[in-house]
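Notes for the one structure printed next.
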Protein chains: 2
Amino acid sequence: MTADVLSLLNTGAALADDALERLLPAPTIEPHSIHRAMRHSTFAGGKRLRPILCMEAARCVARELPPAAPNLGAAIEMVHTYSLIHDDLPALDNDDLRRGKQTCHKVFGEAIAILAGDALLTLAFKTLAEAPLDTAMRRVNVIEEVATAAGTVNGMVGGQVADIEAEGKEVTPQILEFIHRSKTAALIRGAVTAGGIAGGAGDAHIDRLRRFGEQIGWAFQIVDDILDVEESSAALGKTAGKDEAQKKATYPALYGIEKSRAMADDLSKKALRELDCYGERAGRVRALSQFLLARRS
Amino acid sequence: MTADVLSLLNTGAALADDALERLLPAPTIEPHSIHRAMRHSTFAGGKRLRPILCMEAARCVARELPPAAPNLGAAIEMVHTYSLIHDDLPALDNDDLRRGKQTCHKVFGEAIAILAGDALLTLAFKTLAEAPLDTAMRRVNVIEEVATAAGTVNGMVGGQVADIEAEGKEVTPQILEFIHRSKTAALIRGAVTAGGIAGGAGDAHIDRLRRFGEQIGWAFQIVDDILDVEESSAALGKTAGKDEAQKKATYPALYGIEKSRAMADDLSKKALRELDCYGERAGRVRALSQFLLARRS
């Protein structure tokens, strides 16, 4: 890892954390339990990749960090966190631990965990509607992008459902692609596109960023699946190899590790070509993407 | 019931149903199960009171039905439906039936029911962002109102949490008021205010409609609690007297039926006074409110 990327990740995560701290209701506001639960899962050690990609896409377009970008990134992290809380529930993945910490329903009970997820999703849209963007139209455009990215048609919930339905079944490459593009890539696409809108990008640039985001997000999920197979439980802080044990649809299961890694590399190259027109300005996004896809943990 | 109110309710419900049919993904779109689950609960016999109040508030301000109002009403009905799906889950109220039909998780399983609720909430905000209002600012304003109404601070989820926390405990009048104003009144306030925004109301009128909506929604919940005590299981299509059995915080439990009805009447009078400035134009909203609060089933 270069020192540059490390500093970019640390600075970005700190900006995202500051925004989340500001935007989430204080734990002293009634009803306490829901605000404590929202904060428990939001501040459970996430790397803030989605906010960082959002902010870096915005910076790439605008040549500096637009003032609204941290709030947009925070809103997208709220959507990501809500999806993890609901995904961990007994009726879904039934996970007791995430990143080495107890999951929301283990600490607060299932009812509060369900409602904490609901509340984070709701607060995400409130945050986007109130984001300090220069026009109301940009706020509306960001909301449309994020709502589509989180929805059932080309979006996260659609991917989660397809993933559940594929469990224990023989999956085709088409279904696997649908799951990965929807479950993970869509929200990363939403993060990058929201950043582009905050940076003032026009329609052609937005389309370019949308393709970049979806491909890099897809590659990212393939790498994540590979890591799940390779890494030990302790290193990841969650039950490694669980995907395999549950017969989840993954790239390594369908193609093997070597071919999966080649596919991720290919997608990543395609994604980065979308940034060619930005030249040097895309240096940070490029370095970040390469780092994320080369990670071994 | 006067023929006028009956026709208003029927016409309004048909408009809301048309909008929901148009806005919800078809059951033939992949993944099928989530779209079938979203439709199962959305078209399970709701009276569409929130969309109707939204449309009538819009009509009161604009003197005719603004083109965006049915979509706004439909979005609010999606928020209401998501809250019912999650509320019926085993971890919350554990209800097998609602309006005489099987609840979402009984038909589709808990995982799909949780995700169907999530998807309806997400689609609600997408619908608001794409609503055919005349300015993007009005769309942003509606999203802020609805997100606040559905959230944890003066909003629906906050009320649900307070309700859960109050179970089996002695509740004070203050806690009971917090629960009712948040759990039910807030979203009705959001529906009325969204309608006002669609009608082009200025800030002073929006404030007036916000007060009207909150008070009428609060009164509505008191009447609902009274009905729960009075009505038989068959007439309501749900397990009547369940609130009492679960020792839920209700007005009849704290004040008795007679005093509760007087409180609802008082709130309703206060609410209707907010509409005085609209004169005859508020006739439909006024008739609707009076009908809702006088209902015996």
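Convention: chains lettered A, B, ... in structure tokens order; per-chain residue numbering from 1; ligands numbered from 1 as shown.
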
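Taking only C-alpha atoms, the non-local environment of B:Thr103 within 10 Å (same-chain residues fewer than 2 positions away omitted) comprises Ala37, His40, Ser41, Ala44, Leu84, Ile85, His86, Asp88, Leu89, Asn94, Asp95, Asp96, Leu97, Arg98, Arg99, Gly100, Lys101, His105, Lys106, Val107, Phe108, Gly109 and Ala113 of chain B.
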
Keeping only N, CA, C and O atoms, write the selected residues to a file as a PDB file, in the first residue's frame.
ATOM      1  N   ALA B  37     -44.518  -9.911  -3.098  1.00  0.00           N
ATOM      2  CA  ALA B  37     -44.703  -9.614  -1.669  1.00  0.00           C
ATOM      3  C   ALA B  37     -45.093  -8.146  -1.458  1.00  0.00           C
ATOM      4  O   ALA B  37     -45.976  -7.833  -0.646  1.00  0.00           O
ATOM      5  N   HIS B  40     -48.681  -7.911  -2.531  1.00  0.00           N
ATOM      6  CA  HIS B  40     -49.579  -8.623  -1.616  1.00  0.00           C
ATOM      7  C   HIS B  40     -50.025  -7.690  -0.488  1.00  0.00           C
ATOM      8  O   HIS B  40     -51.219  -7.573  -0.195  1.00  0.00           O
ATOM      9  N   SER B  41     -49.040  -7.020   0.134  1.00  0.00           N
ATOM     10  CA  SER B  41     -49.393  -6.181   1.287  1.00  0.00           C
ATOM     11  C   SER B  41     -49.979  -4.830   0.863  1.00  0.00           C
ATOM     12  O   SER B  41     -50.816  -4.271   1.571  1.00  0.00           O
ATOM     13  N   ALA B  44     -53.915  -5.223  -0.024  1.00  0.00           N
ATOM     14  CA  ALA B  44     -54.558  -6.146   0.922  1.00  0.00           C
ATOM     15  C   ALA B  44     -55.788  -5.509   1.565  1.00  0.00           C
ATOM     16  O   ALA B  44     -56.166  -5.841   2.681  1.00  0.00           O
ATOM     17  N   LEU B  84     -46.533  -1.499   8.344  1.00  0.00           N
ATOM     18  CA  LEU B  84     -47.413  -2.602   8.749  1.00  0.00           C
ATOM     19  C   LEU B  84     -46.719  -3.950   8.574  1.00  0.00           C
ATOM     20  O   LEU B  84     -46.809  -4.829   9.442  1.00  0.00           O
ATOM     21  N   ILE B  85     -46.007  -4.131   7.453  1.00  0.00           N
ATOM     22  CA  ILE B  85     -45.311  -5.409   7.205  1.00  0.00           C
ATOM     23  C   ILE B  85     -44.306  -5.675   8.329  1.00  0.00           C
ATOM     24  O   ILE B  85     -44.259  -6.769   8.897  1.00  0.00           O
ATOM     25  N   HIS B  86     -43.496  -4.665   8.656  1.00  0.00           N
ATOM     26  CA  HIS B  86     -42.490  -4.867   9.700  1.00  0.00           C
ATOM     27  C   HIS B  86     -43.152  -5.007  11.083  1.00  0.00           C
ATOM     28  O   HIS B  86     -42.711  -5.793  11.913  1.00  0.00           O
ATOM     29  N   ASP B  88     -45.950  -6.383  11.763  1.00  0.00           N
ATOM     30  CA  ASP B  88     -46.590  -7.700  11.890  1.00  0.00           C
ATOM     31  C   ASP B  88     -45.585  -8.827  12.115  1.00  0.00           C
ATOM     32  O   ASP B  88     -45.986  -9.951  12.432  1.00  0.00           O
ATOM     33  N   LEU B  89     -44.294  -8.570  11.937  1.00  0.00           N
ATOM     34  CA  LEU B  89     -43.275  -9.629  12.032  1.00  0.00           C
ATOM     35  C   LEU B  89     -43.268 -10.288  13.419  1.00  0.00           C
ATOM     36  O   LEU B  89     -43.626  -9.635  14.412  1.00  0.00           O
ATOM     37  N   ASN B  94     -46.108  -9.882  15.863  1.00  0.00           N
ATOM     38  CA  ASN B  94     -46.378 -11.302  15.580  1.00  0.00           C
ATOM     39  C   ASN B  94     -47.839 -11.541  15.200  1.00  0.00           C
ATOM     40  O   ASN B  94     -48.534 -12.319  15.842  1.00  0.00           O
ATOM     41  N   ASP B  95     -48.263 -10.850  14.156  1.00  0.00           N
ATOM     42  CA  ASP B  95     -49.646 -10.993  13.679  1.00  0.00           C
ATOM     43  C   ASP B  95     -49.693 -11.859  12.422  1.00  0.00           C
ATOM     44  O   ASP B  95     -48.932 -11.640  11.479  1.00  0.00           O
ATOM     45  N   ASP B  96     -50.599 -12.834  12.432  1.00  0.00           N
ATOM     46  CA  ASP B  96     -50.766 -13.706  11.270  1.00  0.00           C
ATOM     47  C   ASP B  96     -51.757 -13.121  10.268  1.00  0.00           C
ATOM     48  O   ASP B  96     -51.723 -13.449   9.082  1.00  0.00           O
ATOM     49  N   LEU B  97     -52.653 -12.302  10.779  1.00  0.00           N
ATOM     50  CA  LEU B  97     -53.717 -11.757   9.937  1.00  0.00           C
ATOM     51  C   LEU B  97     -53.764 -10.242  10.030  1.00  0.00           C
ATOM     52  O   LEU B  97     -53.488  -9.666  11.081  1.00  0.00           O
ATOM     53  N   ARG B  98     -54.100  -9.614   8.903  1.00  0.00           N
ATOM     54  CA  ARG B  98     -54.389  -8.184   8.902  1.00  0.00           C
ATOM     55  C   ARG B  98     -55.515  -7.967   7.906  1.00  0.00           C
ATOM     56  O   ARG B  98     -55.441  -8.439   6.782  1.00  0.00           O
ATOM     57  N   ARG B  99     -56.531  -7.277   8.348  1.00  0.00           N
ATOM     58  CA  ARG B  99     -57.746  -7.099   7.537  1.00  0.00           C
ATOM     59  C   ARG B  99     -58.241  -8.435   6.990  1.00  0.00           C
ATOM     60  O   ARG B  99     -58.602  -8.551   5.819  1.00  0.00           O
ATOM     61  N   GLY B 100     -58.123  -9.476   7.819  1.00  0.00           N
ATOM     62  CA  GLY B 100     -58.655 -10.779   7.427  1.00  0.00           C
ATOM     63  C   GLY B 100     -57.781 -11.556   6.456  1.00  0.00           C
ATOM     64  O   GLY B 100     -58.126 -12.667   6.064  1.00  0.00           O
ATOM     65  N   LYS B 101     -56.644 -10.966   6.041  1.00  0.00           N
ATOM     66  CA  LYS B 101     -55.760 -11.674   5.108  1.00  0.00           C
ATOM     67  C   LYS B 101     -54.450 -12.046   5.787  1.00  0.00           C
ATOM     68  O   LYS B 101     -54.028 -11.401   6.746  1.00  0.00           O
ATOM     69  N   HIS B 105     -45.265 -11.968   5.982  1.00  0.00           N
ATOM     70  CA  HIS B 105     -44.304 -13.011   6.360  1.00  0.00           C
ATOM     71  C   HIS B 105     -44.951 -14.391   6.425  1.00  0.00           C
ATOM     72  O   HIS B 105     -44.251 -15.400   6.280  1.00  0.00           O
ATOM     73  N   LYS B 106     -46.268 -14.454   6.641  1.00  0.00           N
ATOM     74  CA  LYS B 106     -46.941 -15.758   6.636  1.00  0.00           C
ATOM     75  C   LYS B 106     -46.964 -16.344   5.221  1.00  0.00           C
ATOM     76  O   LYS B 106     -46.890 -17.538   5.032  1.00  0.00           O
ATOM     77  N   VAL B 107     -47.063 -15.470   4.231  1.00  0.00           N
ATOM     78  CA  VAL B 107     -47.147 -15.955   2.849  1.00  0.00           C
ATOM     79  C   VAL B 107     -45.756 -16.129   2.231  1.00  0.00           C
ATOM     80  O   VAL B 107     -45.480 -17.119   1.564  1.00  0.00           O
ATOM     81  N   PHE B 108     -44.859 -15.169   2.476  1.00  0.00           N
ATOM     82  CA  PHE B 108     -43.579 -15.153   1.751  1.00  0.00           C
ATOM     83  C   PHE B 108     -42.367 -15.497   2.627  1.00  0.00           C
ATOM     84  O   PHE B 108     -41.247 -15.561   2.129  1.00  0.00           O
ATOM     85  N   GLY B 109     -42.581 -15.686   3.917  1.00  0.00           N
ATOM     86  CA  GLY B 109     -41.467 -15.951   4.822  1.00  0.00           C
ATOM     87  C   GLY B 109     -40.905 -14.645   5.367  1.00  0.00           C
ATOM     88  O   GLY B 109     -41.101 -13.565   4.788  1.00  0.00           O
ATOM     89  N   ALA B 113     -40.332 -10.794   3.708  1.00  0.00           N
ATOM     90  CA  ALA B 113     -41.189  -9.754   4.299  1.00  0.00           C
ATOM     91  C   ALA B 113     -40.351  -8.565   4.778  1.00  0.00           C
ATOM     92  O   ALA B 113     -40.717  -7.403   4.558  1.00  0.00           O
TER      93      ALA B 113
END

Could you write out chain B as a compact mmCIF listing (two decimals) with C-alpha atoms, in the first residue's frame once it has been least-squares superposed on chain A using every ordered C-alpha pair?
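Writing the result to out.txt gives the following:
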# COMPACT_ATOMS: atom_id res chain seq x y z
CA MET B 1 -0.03 0.00 0.01
CA THR B 2 1.39 3.39 -0.88
CA ALA B 3 1.46 6.09 1.80
CA ASP B 4 -0.80 8.19 -0.46
CA VAL B 5 -3.65 5.69 -0.51
CA LEU B 6 -3.34 5.09 3.21
CA SER B 7 -3.65 8.80 3.92
CA LEU B 8 -6.53 9.12 1.45
CA LEU B 9 -8.38 6.29 3.22
CA ASN B 10 -7.76 7.70 6.69
CA THR B 11 -8.71 11.26 5.81
CA GLY B 12 -11.81 10.10 3.93
CA ALA B 13 -12.96 7.83 6.77
CA ALA B 14 -12.51 10.69 9.26
CA LEU B 15 -14.61 13.02 7.07
CA ALA B 16 -17.34 10.38 6.76
CA ASP B 17 -17.28 9.70 10.51
CA ASP B 18 -17.56 13.43 11.28
CA ALA B 19 -20.58 13.73 8.98
CA LEU B 20 -22.24 10.63 10.48
CA GLU B 21 -21.63 11.91 14.02
CA ARG B 22 -23.26 15.22 13.06
CA LEU B 23 -26.21 13.67 11.19
CA LEU B 24 -27.26 10.79 13.47
CA PRO B 25 -29.52 11.80 16.38
CA ALA B 26 -27.64 11.91 19.69
CA PRO B 27 -28.06 8.85 21.94
CA THR B 28 -29.61 11.19 24.55
CA ILE B 29 -32.60 11.97 22.29
CA GLU B 30 -35.78 9.94 23.00
CA PRO B 31 -36.35 7.10 22.35
CA HIS B 32 -32.76 6.34 23.46
CA SER B 33 -32.66 2.68 22.39
CA ILE B 34 -33.22 3.32 18.68
CA HIS B 35 -30.57 6.04 18.50
CA ARG B 36 -28.11 3.88 20.42
CA ALA B 37 -28.83 0.97 18.05
CA MET B 38 -28.38 3.14 14.95
CA ARG B 39 -25.05 4.37 16.31
CA HIS B 40 -23.90 0.93 17.45
CA SER B 41 -24.01 -0.40 13.89
CA THR B 42 -22.91 2.79 12.17
CA PHE B 43 -19.80 3.12 14.32
CA ALA B 44 -18.85 -0.57 14.34
CA GLY B 45 -15.60 -0.20 12.44
CA GLY B 46 -16.67 0.16 8.80
CA LYS B 47 -13.96 1.24 6.36
CA ARG B 48 -16.27 3.90 4.81
CA LEU B 49 -15.40 2.76 1.28
CA ARG B 50 -18.69 4.04 -0.19
CA PRO B 51 -18.41 7.55 1.31
CA ILE B 52 -14.75 7.70 0.26
CA LEU B 53 -15.58 6.67 -3.32
CA CYS B 54 -18.40 9.25 -3.32
CA MET B 55 -16.09 12.03 -2.12
CA GLU B 56 -13.27 11.06 -4.49
CA ALA B 57 -15.63 10.96 -7.49
CA ALA B 58 -16.85 14.42 -6.50
CA ARG B 59 -13.29 15.70 -6.17
CA CYS B 60 -12.32 14.19 -9.52
CA VAL B 61 -15.10 16.12 -11.28
CA ALA B 62 -14.90 19.40 -9.33
CA ARG B 63 -11.09 19.46 -8.78
CA GLU B 64 -11.74 20.00 -5.05
CA LEU B 65 -14.01 18.44 -2.44
CA PRO B 66 -17.53 19.94 -2.83
CA PRO B 67 -19.00 20.95 0.57
CA ALA B 68 -22.00 18.59 0.18
CA ALA B 69 -19.96 15.47 -0.59
CA PRO B 70 -19.31 14.27 3.02
CA ASN B 71 -23.05 14.40 3.79
CA LEU B 72 -23.89 12.48 0.62
CA GLY B 73 -21.27 9.89 1.51
CA ALA B 74 -22.68 9.63 5.04
CA ALA B 75 -26.20 9.09 3.67
CA ILE B 76 -24.94 6.25 1.47
CA GLU B 77 -23.12 4.73 4.45
CA MET B 78 -26.46 4.82 6.33
CA VAL B 79 -28.05 2.83 3.48
CA HIS B 80 -25.15 0.37 3.58
CA THR B 81 -25.41 0.03 7.39
CA TYR B 82 -29.18 -0.54 7.29
CA SER B 83 -28.63 -3.34 4.76
CA LEU B 84 -26.04 -4.99 7.02
CA ILE B 85 -28.32 -4.80 10.10
CA HIS B 86 -31.21 -6.44 8.25
CA ASP B 87 -28.89 -8.94 6.51
CA ASP B 88 -27.53 -10.10 9.88
CA LEU B 89 -31.02 -10.84 11.30
CA PRO B 90 -31.91 -14.45 12.21
CA ALA B 91 -34.41 -14.61 9.33
CA LEU B 92 -31.65 -13.69 6.85
CA ASP B 93 -27.96 -14.54 7.42
CA ASN B 94 -28.29 -15.03 11.21
CA ASP B 95 -24.91 -13.54 12.05
CA ASP B 96 -23.93 -12.86 15.66
CA LEU B 97 -20.73 -11.04 14.78
CA ARG B 98 -19.66 -8.48 12.21
CA ARG B 99 -16.14 -7.09 12.12
CA GLY B 100 -15.59 -8.86 15.44
CA LYS B 101 -18.42 -6.99 17.18
CA GLN B 102 -21.89 -8.16 18.20
CA THR B 103 -24.51 -7.48 15.57
CA CYS B 104 -27.35 -5.03 16.25
CA HIS B 105 -30.01 -7.63 17.07
CA LYS B 106 -27.67 -9.44 19.48
CA VAL B 107 -27.27 -6.26 21.51
CA PHE B 108 -30.68 -4.57 21.15
CA GLY B 109 -33.02 -7.43 20.22
CA GLU B 110 -34.65 -8.16 16.88
CA ALA B 111 -37.46 -5.61 17.07
CA ILE B 112 -35.13 -2.66 17.68
CA ALA B 113 -32.67 -3.96 15.06
CA ILE B 114 -35.39 -4.09 12.40
CA LEU B 115 -36.52 -0.57 13.31
CA ALA B 116 -32.92 0.73 13.49
CA GLY B 117 -32.41 -0.43 9.90
CA ASP B 118 -35.67 1.23 8.86
CA ALA B 119 -34.65 4.43 10.63
CA LEU B 120 -31.22 4.56 8.98
CA LEU B 121 -32.76 4.16 5.53
CA THR B 122 -35.26 6.93 6.30
CA LEU B 123 -32.56 9.23 7.69
CA ALA B 124 -30.45 8.64 4.59
CA PHE B 125 -33.14 10.18 2.37
CA LYS B 126 -33.72 13.05 4.82
CA THR B 127 -29.97 13.72 4.71
CA LEU B 128 -29.95 13.75 0.90
CA ALA B 129 -32.98 16.07 0.76
CA GLU B 130 -31.19 18.51 3.09
CA ALA B 131 -27.72 18.17 1.56
CA PRO B 132 -26.04 21.55 0.88
CA LEU B 133 -25.98 21.10 -2.91
CA ASP B 134 -26.27 24.21 -5.05
CA THR B 135 -29.64 23.36 -6.61
CA ALA B 136 -32.73 21.43 -5.51
CA MET B 137 -32.56 19.57 -8.85
CA ARG B 138 -29.19 18.07 -7.93
CA ARG B 139 -30.65 16.91 -4.61
CA VAL B 140 -33.55 15.26 -6.44
CA ASN B 141 -31.12 13.63 -8.89
CA VAL B 142 -29.00 12.20 -6.08
CA ILE B 143 -32.11 10.82 -4.33
CA GLU B 144 -33.21 9.11 -7.55
CA GLU B 145 -29.77 7.55 -8.02
CA VAL B 146 -29.57 6.29 -4.43
CA ALA B 147 -33.18 5.05 -4.33
CA THR B 148 -32.63 3.12 -7.57
CA ALA B 149 -29.32 1.73 -6.28
CA ALA B 150 -31.00 0.53 -3.07
CA GLY B 151 -34.18 -0.81 -4.70
CA THR B 152 -35.40 -4.05 -6.26
CA VAL B 153 -34.86 -3.32 -9.97
CA ASN B 154 -31.09 -3.09 -10.67
CA GLY B 155 -30.62 -2.43 -6.97
CA MET B 156 -29.42 -3.80 -3.68
CA VAL B 157 -32.62 -5.36 -2.34
CA GLY B 158 -33.20 -7.11 -5.67
CA GLY B 159 -29.71 -8.61 -5.34
CA GLN B 160 -30.32 -9.74 -1.76
CA VAL B 161 -33.54 -11.47 -2.80
CA ALA B 162 -31.85 -13.20 -5.76
CA ASP B 163 -29.05 -14.29 -3.41
CA ILE B 164 -31.56 -15.80 -0.95
CA GLU B 165 -33.39 -17.56 -3.77
CA ALA B 166 -30.14 -18.99 -5.14
CA GLU B 167 -29.13 -20.60 -1.82
CA GLY B 168 -28.57 -24.33 -2.12
CA LYS B 169 -29.33 -24.24 -5.87
CA GLU B 170 -27.15 -24.56 -8.94
CA VAL B 171 -26.56 -20.98 -10.10
CA THR B 172 -25.95 -19.98 -13.69
CA PRO B 173 -23.38 -17.31 -14.62
CA GLN B 174 -26.32 -15.03 -15.50
CA ILE B 175 -27.87 -15.31 -12.02
CA LEU B 176 -24.49 -14.84 -10.37
CA GLU B 177 -23.92 -11.69 -12.41
CA PHE B 178 -27.39 -10.38 -11.49
CA ILE B 179 -26.70 -10.97 -7.78
CA HIS B 180 -23.31 -9.27 -7.76
CA ARG B 181 -24.31 -6.31 -9.93
CA SER B 182 -27.39 -5.71 -7.80
CA LYS B 183 -26.35 -6.62 -4.27
CA THR B 184 -23.03 -4.77 -4.09
CA ALA B 185 -22.22 -2.98 -7.34
CA ALA B 186 -25.45 -0.95 -7.44
CA LEU B 187 -24.85 0.98 -4.21
CA ILE B 188 -21.21 1.62 -5.13
CA ARG B 189 -22.50 2.89 -8.49
CA GLY B 190 -24.92 5.12 -6.52
CA ALA B 191 -22.08 6.42 -4.33
CA VAL B 192 -19.86 7.32 -7.29
CA THR B 193 -22.74 8.88 -9.26
CA ALA B 194 -23.92 10.91 -6.26
CA GLY B 195 -20.37 12.23 -5.94
CA GLY B 196 -20.37 13.15 -9.62
CA ILE B 197 -23.62 15.06 -9.22
CA ALA B 198 -22.21 16.91 -6.20
CA GLY B 199 -19.19 17.83 -8.32
CA GLY B 200 -21.47 19.32 -10.98
CA ALA B 201 -20.95 16.68 -13.68
CA GLY B 202 -23.14 16.86 -16.79
CA ASP B 203 -25.15 13.92 -18.14
CA ALA B 204 -22.37 12.37 -20.23
CA HIS B 205 -19.98 12.39 -17.29
CA ILE B 206 -22.64 11.00 -14.97
CA ASP B 207 -23.14 8.07 -17.38
CA ARG B 208 -19.41 7.49 -17.45
CA LEU B 209 -19.18 7.54 -13.63
CA ARG B 210 -22.19 5.23 -13.40
CA ARG B 211 -20.40 2.65 -15.57
CA PHE B 212 -17.17 3.10 -13.63
CA GLY B 213 -18.99 2.65 -10.29
CA GLU B 214 -20.91 -0.42 -11.33
CA GLN B 215 -17.87 -2.19 -12.78
CA ILE B 216 -15.57 -1.36 -9.89
CA GLY B 217 -18.30 -2.43 -7.43
CA TRP B 218 -18.78 -5.69 -9.27
CA ALA B 219 -15.04 -6.39 -9.23
CA PHE B 220 -14.99 -5.45 -5.55
CA GLN B 221 -17.61 -8.11 -4.74
CA ILE B 222 -15.68 -10.79 -6.66
CA VAL B 223 -12.55 -9.94 -4.64
CA ASP B 224 -14.65 -10.07 -1.46
CA ASP B 225 -15.86 -13.57 -2.35
CA ILE B 226 -12.28 -14.68 -3.03
CA LEU B 227 -11.17 -13.29 0.34
CA ASP B 228 -14.00 -15.12 2.07
CA VAL B 229 -12.62 -18.40 0.76
CA GLU B 230 -8.94 -17.60 1.39
CA GLU B 231 -8.87 -15.84 4.71
CA SER B 232 -9.11 -17.29 8.17
CA SER B 233 -11.94 -16.41 10.52
CA ALA B 234 -9.74 -14.36 12.83
CA ALA B 235 -8.28 -12.15 10.09
CA LEU B 236 -11.69 -11.14 8.74
CA GLY B 237 -13.54 -10.78 12.05
CA LYS B 238 -16.46 -12.74 10.68
CA THR B 239 -17.09 -16.40 10.05
CA ALA B 240 -14.89 -17.02 7.01
CA GLY B 241 -15.87 -19.65 4.51
CA LYS B 242 -19.47 -19.09 5.58
CA ASP B 243 -20.55 -18.40 2.00
CA GLU B 244 -19.28 -21.81 1.01
CA ALA B 245 -20.86 -23.53 4.02
CA GLN B 246 -24.22 -21.98 3.14
CA LYS B 247 -23.74 -22.80 -0.54
CA LYS B 248 -24.07 -19.13 -1.45
CA ALA B 249 -23.67 -18.08 -5.03
CA THR B 250 -20.07 -16.87 -5.42
CA TYR B 251 -17.54 -16.43 -8.23
CA PRO B 252 -14.93 -18.77 -6.69
CA ALA B 253 -17.59 -21.48 -6.32
CA LEU B 254 -18.57 -21.19 -9.98
CA TYR B 255 -15.22 -20.37 -11.68
CA GLY B 256 -12.47 -21.16 -9.15
CA ILE B 257 -10.13 -18.62 -7.55
CA GLU B 258 -7.73 -18.05 -10.44
CA LYS B 259 -10.38 -17.34 -13.06
CA SER B 260 -12.34 -15.20 -10.57
CA ARG B 261 -9.30 -13.02 -9.96
CA ALA B 262 -8.76 -12.63 -13.71
CA MET B 263 -12.39 -11.57 -14.12
CA ALA B 264 -12.05 -9.00 -11.34
CA ASP B 265 -8.89 -7.63 -12.96
CA ASP B 266 -10.61 -7.40 -16.32
CA LEU B 267 -13.61 -5.55 -14.86
CA SER B 268 -11.34 -3.22 -12.99
CA LYS B 269 -9.39 -2.36 -16.17
CA LYS B 270 -12.66 -1.67 -18.01
CA ALA B 271 -13.84 0.49 -15.12
CA LEU B 272 -10.63 2.54 -15.02
CA ARG B 273 -10.77 3.20 -18.77
CA GLU B 274 -13.97 5.19 -18.08
CA LEU B 275 -11.81 7.63 -16.15
CA ASP B 276 -9.27 8.22 -18.96
CA CYS B 277 -10.85 11.52 -19.94
CA TYR B 278 -10.12 12.96 -16.49
CA GLY B 279 -6.35 12.39 -16.87
CA GLU B 280 -4.37 13.31 -13.78
CA ARG B 281 -7.50 14.45 -11.92
CA ALA B 282 -8.61 10.82 -11.61
CA GLY B 283 -5.28 9.85 -9.97
CA ARG B 284 -6.76 9.49 -6.48
CA VAL B 285 -9.82 7.48 -7.58
CA ARG B 286 -7.57 5.29 -9.71
CA ALA B 287 -5.12 4.60 -6.88
CA LEU B 288 -8.00 3.90 -4.51
CA SER B 289 -9.65 1.44 -6.91
CA GLN B 290 -6.41 -0.39 -7.58
CA PHE B 291 -5.72 -0.66 -3.88
CA LEU B 292 -9.20 -2.00 -3.11
CA LEU B 293 -8.96 -4.68 -5.76
CA ALA B 294 -5.43 -5.76 -4.88
CA ARG B 295 -6.23 -6.16 -1.18
CA ARG B 296 -5.56 -9.49 0.42
CA SER B 297 -7.68 -8.83 3.52

Inset, instruction - Check stretch 70-130 of chain B with DSSP on the backbone and list each residue it calls strand (DSSP E or B), as a ChimeraX atom specification. - result: /B:97-98,101-102

Output for the residues just chosen: C-alpha atoms as a PDB file, in the first residue's frame:
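Once written, again-v3.pdb looks like this:
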ATOM      1  CA  LEU B  97     -53.717 -11.757   9.937  1.00  0.00           C
ATOM      2  CA  ARG B  98     -54.389  -8.184   8.902  1.00  0.00           C
ATOM      3  CA  LYS B 101     -55.760 -11.674   5.108  1.00  0.00           C
ATOM      4  CA  GLN B 102     -52.490 -13.462   5.824  1.00  0.00           C
TER       5      GLN B 102
END

Legend entry - helix (DSSP H, G or I) call set, DSSP backbone run, stretch 45-93 of chain A, as a PyMOL selection string: chain A and resi 49-62+69-88
